[in-house]
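Below is the file start-v7.tsv, which contains TSV, C-alpha atoms.
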chain	number	residue	atom	x	y	z
R	1	MET	CA	-12.70	16.02	9.93
R	2	GLN	CA	-12.12	12.33	10.62
R	3	THR	CA	-14.48	9.43	10.05
R	4	ASP	CA	-15.14	6.76	12.63
R	5	LYS	CA	-12.43	4.13	12.88
R	6	ILE	CA	-13.81	0.78	11.80
R	7	LYS	CA	-12.43	-2.65	12.56
R	8	VAL	CA	-11.68	-4.74	9.50
R	9	LEU	CA	-11.87	-8.49	10.13
R	10	THR	CA	-12.64	-9.73	6.62
R	11	TYR	CA	-12.07	-8.23	3.19
R	12	GLU	CA	-15.71	-8.18	2.06
R	13	THR	CA	-17.36	-6.76	5.18
R	14	GLY	CA	-14.44	-4.44	5.87
R	15	ARG	CA	-14.54	-2.98	2.38
R	16	ASP	CA	-18.29	-2.45	2.53
R	17	LYS	CA	-18.02	-0.60	5.85
R	18	ALA	CA	-15.12	1.46	4.54
R	19	LEU	CA	-17.09	2.47	1.46
R	20	THR	CA	-19.96	3.55	3.71
R	21	GLU	CA	-17.55	5.76	5.66
R	22	ALA	CA	-16.24	7.15	2.37
R	23	GLU	CA	-19.79	8.08	1.35
R	24	LYS	CA	-20.34	9.83	4.69
R	25	PHE	CA	-17.04	11.68	4.28
R	26	ALA	CA	-17.97	12.78	0.76
R	27	GLN	CA	-21.36	14.03	1.93
R	28	TYR	CA	-19.86	15.92	4.85
R	29	ARG	CA	-17.31	17.57	2.54
R	30	GLU	CA	-20.06	18.26	-0.02
R	31	MET	CA	-18.11	16.56	-2.78
R	32	ASP	CA	-19.55	16.53	-6.27
R	33	PRO	CA	-20.36	13.07	-7.72
R	34	LYS	CA	-17.11	12.88	-9.73
R	35	THR	CA	-14.94	13.68	-6.70
R	36	ALA	CA	-16.91	11.27	-4.51
R	37	LEU	CA	-16.35	8.54	-7.10
R	38	ARG	CA	-12.60	9.18	-7.04
R	39	LEU	CA	-12.60	8.82	-3.27
R	40	ARG	CA	-14.54	5.57	-3.54
R	41	LEU	CA	-12.10	4.20	-6.13
R	42	LEU	CA	-9.14	5.05	-3.90
R	43	VAL	CA	-10.73	3.17	-1.00
R	44	GLU	CA	-11.47	0.17	-3.22
R	45	GLU	CA	-7.90	0.08	-4.53
R	46	THR	CA	-6.51	0.37	-1.01
R	47	PHE	CA	-8.48	-2.70	0.04
R	48	ALA	CA	-7.43	-4.53	-3.11
R	49	MET	CA	-3.87	-4.55	-1.80
R	50	VAL	CA	-4.87	-6.70	1.17
R	51	HIS	CA	-7.27	-8.97	-0.72
R	52	THR	CA	-4.56	-11.59	-1.28
R	53	ILE	CA	-3.91	-12.20	2.42
R	54	ALA	CA	-4.12	-15.94	2.99
R	55	GLU	CA	-4.09	-15.99	6.78
R	56	ASP	CA	-5.90	-14.15	9.58
R	57	PHE	CA	-5.55	-10.38	9.71
R	58	TYR	CA	-7.23	-7.38	11.20
R	59	ALA	CA	-6.97	-3.68	10.53
R	60	ASP	CA	-8.24	-0.25	11.47
R	61	PHE	CA	-9.61	1.96	8.69
R	62	TRP	CA	-10.45	5.63	8.69
R	63	ILE	CA	-10.34	8.74	6.54
R	64	GLU	CA	-9.17	12.14	7.67
R	65	GLY	CA	-9.35	15.46	5.87
R	66	THR	CA	-8.33	19.06	6.33
R	67	ARG	CA	-10.00	22.34	5.42
R	68	THR	CA	-7.50	22.75	2.59
R	69	GLY	CA	-8.91	19.66	0.84
R	70	LEU	CA	-6.14	17.24	1.79
R	71	CYS	CA	-7.51	13.73	2.31
R	72	LYS	CA	-5.72	10.74	3.85
R	73	ILE	CA	-7.07	7.21	3.67
R	74	HIS	CA	-5.63	5.04	6.43
R	75	LEU	CA	-5.49	1.26	6.70
R	76	ASP	CA	-3.44	0.06	9.66
R	77	LEU	CA	-2.92	-3.64	9.12
R	78	HIS	CA	-1.79	-6.34	11.53
R	79	THR	CA	-1.13	-9.86	10.28
R	80	GLU	CA	-0.02	-13.23	11.55
R	81	MET	CA	1.42	-15.84	9.24
R	82	ASP	CA	3.67	-18.83	9.61
R	83	LEU	CA	7.16	-17.84	8.43
R	84	GLU	CA	7.98	-21.20	6.88
R	85	LYS	CA	4.69	-21.25	4.98
R	86	LYS	CA	5.40	-17.84	3.51
R	87	LYS	CA	8.90	-18.88	2.46
R	88	GLU	CA	7.46	-21.98	0.79
R	89	LEU	CA	4.96	-19.87	-1.15
R	90	ILE	CA	7.72	-17.62	-2.45
R	91	GLY	CA	9.95	-20.60	-3.20
R	92	VAL	CA	7.48	-22.30	-5.54
R	93	SER	CA	8.45	-19.83	-8.24
R	94	ARG	CA	11.72	-20.48	-10.05
R	95	GLU	CA	12.55	-16.81	-9.62
R	96	LYS	CA	11.72	-17.03	-5.90
R	97	LYS	CA	8.91	-14.53	-6.31
R	98	ASN	CA	5.19	-14.73	-5.72
R	99	ALA	CA	3.86	-15.61	-9.17
R	100	ALA	CA	0.36	-14.42	-8.22
R	101	VAL	CA	1.56	-10.84	-7.84
R	102	LYS	CA	0.46	-8.69	-10.77
R	103	GLY	CA	0.34	-4.96	-11.38
R	104	LEU	CA	1.29	-2.09	-9.11
R	105	THR	CA	-0.91	-3.09	-6.18
R	106	GLY	CA	0.49	-6.60	-6.41
R	107	ARG	CA	4.04	-5.26	-6.22
R	108	ILE	CA	3.15	-3.16	-3.19
R	109	TRP	CA	1.52	-6.08	-1.44
R	110	GLU	CA	4.48	-8.34	-2.22
R	111	MET	CA	6.74	-5.76	-0.59
R	112	ILE	CA	4.49	-5.64	2.48
R	113	GLU	CA	4.40	-9.43	2.74
R	114	ASP	CA	8.16	-9.81	2.40
R	115	HIS	CA	8.93	-7.32	5.15
R	116	LEU	CA	6.16	-8.44	7.50
R	117	TYR	CA	6.81	-12.15	7.31
R	118	LEU	CA	10.42	-12.70	6.34
R	119	LYS	CA	13.54	-12.22	8.40
R	120	LYS	CA	15.85	-9.44	7.30
R	121	GLU	CA	18.41	-11.88	5.92
R	122	ASP	CA	15.70	-13.40	3.70
R	123	TRP	CA	14.69	-10.12	2.08
R	124	SER	CA	15.32	-9.95	-1.65
R	125	GLU	CA	18.56	-8.18	-2.55
R	126	ASP	CA	17.41	-7.68	-6.12
R	127	LEU	CA	17.42	-3.92	-6.59
R	128	GLU	CA	16.85	-4.10	-10.33
R	129	ALA	CA	15.26	-0.95	-11.72
R	130	GLY	CA	11.50	-1.31	-11.56
R	131	SER	CA	11.59	-3.27	-8.30
R	132	TYR	CA	9.51	-1.99	-5.39
R	133	ALA	CA	12.84	-1.34	-3.64
R	134	LEU	CA	13.14	1.85	-5.69
R	135	GLY	CA	10.42	3.33	-3.51
R	136	PHE	CA	12.11	2.92	-0.16
R	137	VAL	CA	12.74	6.21	1.62
R	138	ASP	CA	15.84	6.82	3.76
R	139	MET	CA	15.15	5.98	7.36
R	140	PRO	CA	15.58	8.59	10.12
R	141	MET	CA	18.80	8.12	12.08
R	142	ALA	CA	18.58	10.95	14.60
R	143	PRO	CA	16.60	11.34	17.84
R	144	GLY	CA	13.34	13.18	17.29
R	145	ALA	CA	12.90	11.89	13.73
R	146	PRO	CA	9.26	11.47	12.70
R	147	LEU	CA	9.58	7.70	12.22
R	148	GLN	CA	10.97	5.12	14.59
R	149	MET	CA	14.35	3.90	13.47
R	150	ASP	CA	13.17	0.31	13.06
R	151	THR	CA	10.40	1.39	10.69
R	152	LEU	CA	10.67	0.90	6.93
R	153	LEU	CA	8.96	3.51	4.74
R	154	TRP	CA	8.00	3.04	1.08
R	155	SER	CA	6.62	5.91	-1.00
R	156	LEU	CA	4.79	5.74	-4.32
R	157	ASN	CA	6.24	9.09	-5.37
R	158	SER	CA	9.80	7.88	-4.71
R	159	TYR	CA	9.04	4.69	-6.60
R	160	ARG	CA	7.61	6.64	-9.53
R	161	GLN	CA	10.68	8.86	-9.67
R	162	GLY	CA	13.05	5.90	-9.55
R	163	VAL	CA	11.20	4.02	-12.28
R	164	ASP	CA	11.07	7.14	-14.46
R	165	GLU	CA	14.85	7.53	-14.20
R	166	GLN	CA	15.46	3.90	-15.16
R	167	LYS	CA	12.72	3.19	-17.71
R	168	GLU	CA	14.97	3.88	-20.72
R	169	LYS	CA	17.68	1.59	-19.36
R	170	THR	CA	16.03	-1.68	-18.36
R	171	GLU	CA	13.09	-3.83	-19.41
R	172	GLY	CA	12.02	-4.21	-15.78
R	173	ALA	CA	11.67	-0.46	-15.37
R	174	ARG	CA	9.70	-0.18	-18.61
R	175	GLU	CA	7.28	-2.84	-17.38
R	176	ALA	CA	6.98	-1.06	-14.04
R	177	TRP	CA	6.26	2.24	-15.81
R	178	ASP	CA	3.52	0.57	-17.85
R	179	GLU	CA	2.01	-0.68	-14.59
R	180	LEU	CA	2.06	2.82	-13.16
R	181	GLU	CA	0.29	4.21	-16.22
R	182	LYS	CA	-2.40	1.53	-16.00
R	183	SER	CA	-2.89	1.69	-12.23
R	184	ILE	CA	-6.02	3.44	-10.97
R	185	LEU	CA	-4.29	4.00	-7.65
R	186	ALA	CA	-1.18	5.57	-9.17
R	187	ASN	CA	-3.22	7.85	-11.40
R	188	LEU	CA	-5.68	9.02	-8.75
R	189	ALA	CA	-3.52	9.30	-5.63
R	190	ASP	CA	-1.07	12.13	-5.03
R	191	ASP	CA	1.04	9.74	-2.98
R	192	LEU	CA	0.87	6.45	-1.12
R	193	THR	CA	3.13	5.46	1.74
R	194	VAL	CA	3.62	2.14	3.50
R	195	ALA	CA	5.28	2.20	6.92
R	196	ILE	CA	6.25	-1.27	8.19
R	197	ARG	CA	7.23	-2.09	11.75
R	198	GLY	CA	7.14	-5.62	13.13
R	199	ASN	CA	3.88	-7.29	12.12
R	200	ASP	CA	2.18	-3.97	11.43
R	201	ALA	CA	1.86	-2.12	8.14
R	202	GLU	CA	0.39	1.37	7.98
R	203	ILE	CA	-0.93	2.17	4.50
R	204	THR	CA	-1.75	5.82	3.83
R	205	VAL	CA	-3.20	7.09	0.56
R	206	VAL	CA	-2.92	10.86	0.11
R	207	LYS	CA	-5.12	12.94	-2.20
R	208	LYS	CA	-5.73	16.68	-2.47
R	209	PHE	CA	-9.30	17.25	-3.67
Could I get this file's structure written as structure tokens?
Amino acid sequence: MQTDKIKVLTYETGRDKALTEAEKFAQYREMDPKTALRLRLLVEETFAMVHTIAEDFYADFWIEGTRTGLCKIHLDLHTEMDLEKKKELIGVSREKKNAAVKGLTGRIWEMIEDHLYLKKEDWSEDLEAGSYALGFVDMPMAPGAPLQMDTLLWSLNSYRQGVDEQKEKTEGAREAWDELEKSILANLADDLTVAIRGNDAEITVVKKF
């Protein structure tokens, strides 16, 4: 079963329409109130990751599910932003990071912003434990691979594993682990992937109900 695809032009109206689709999905799947609430929270947290967009954007949103109970929340995002403006925003922080970014969803959105707006040579090379870079998945290098070779893929499960392995070694990883434990998204979702190609970011939240 798949819901209607809705066009998201603003955060507020897009979220409201998405929540309506989530309610329809829950009713169709005959979810109990607790399960329906979990689905709603996942949709809200997914939209929270794009709430900090400063420039124009649009996206397609939909939910798909299988008979086995697997549910995927999709938000395919396309953005346009002036490159120099983005670099200036990052540069205002002494550490060259977006100071407004907080929590797990903030880290994920920072990663999306960096790879959508910045040139490859401007990407952060800081791979300190606890950084979102821990969640990057190896890219396919052979013909017939499921992802295009110029697509970057980040996975919450890979990030969680990397942080877990490093949390006893660095302060950054310990902070990241605390964020994971506090995050509604990390605690409710089975996985979350972000595929980035050009100016497009495909966010998929996976949950088995």
If we count all atoms listed in the file and set the cut-off at 12 Å, which residues sit around Arg174 of chain R, ignoring sequence neighbours fewer than 3 positions away in its own chain? Please answer as an MDAnalysis selection string. chainID R and resid 128:131 160 162:171 177:181
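What separates atom CA of Thr68 of chain R from atom CA of Gly135 of chain R is a distance of 27.1 Å.
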Just to confirm, what's the straight-line distance from atom CA of Arg38 of chain R to atom CA of Ile196 of chain R in Å (one decimal)? 26.4 Å
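In this structure, atom CA of Ala26 of chain R sits 20.0 Å away from atom CA of Thr13 of chain R.
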Taking into account all atoms listed in the file, which residue in the set R:Met1, R:Leu152, R:Val43, R:Asp32 is nearest to Leu19 of chain R? R:Val43
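Among R:Gln161, R:Met49, R:Leu42, R:Glu202, the residue with the shortest atom-to-atom distance to Gly103 of chain R, counting all atoms listed in the file, is R:Met49.
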Once you add 5 Å to each side, what are the centre and edge lengths of the axis-aligned box holding all listed atoms of segment 154-172 of chain R? One decimal in Å, as lines of an AutoDock Vina configuration file, if you can.
center_x = 11.2
center_y = 2.4
center_z = -9.8
size_x = 22.9
size_y = 23.3
size_z = 31.8
Return the single residue from R:Met111, R:Leu104, R:Ala22, R:Leu192 that is closest to Glu44 of chain R, with distances computed using all atoms listed in the file. R:Ala22
Within-7 Å shell of (2.4, -5.8, 9.4) in input frame, all atoms listed in the file, as an MDAnalysis selection string: chainID R and resid 77:79 116 196:201
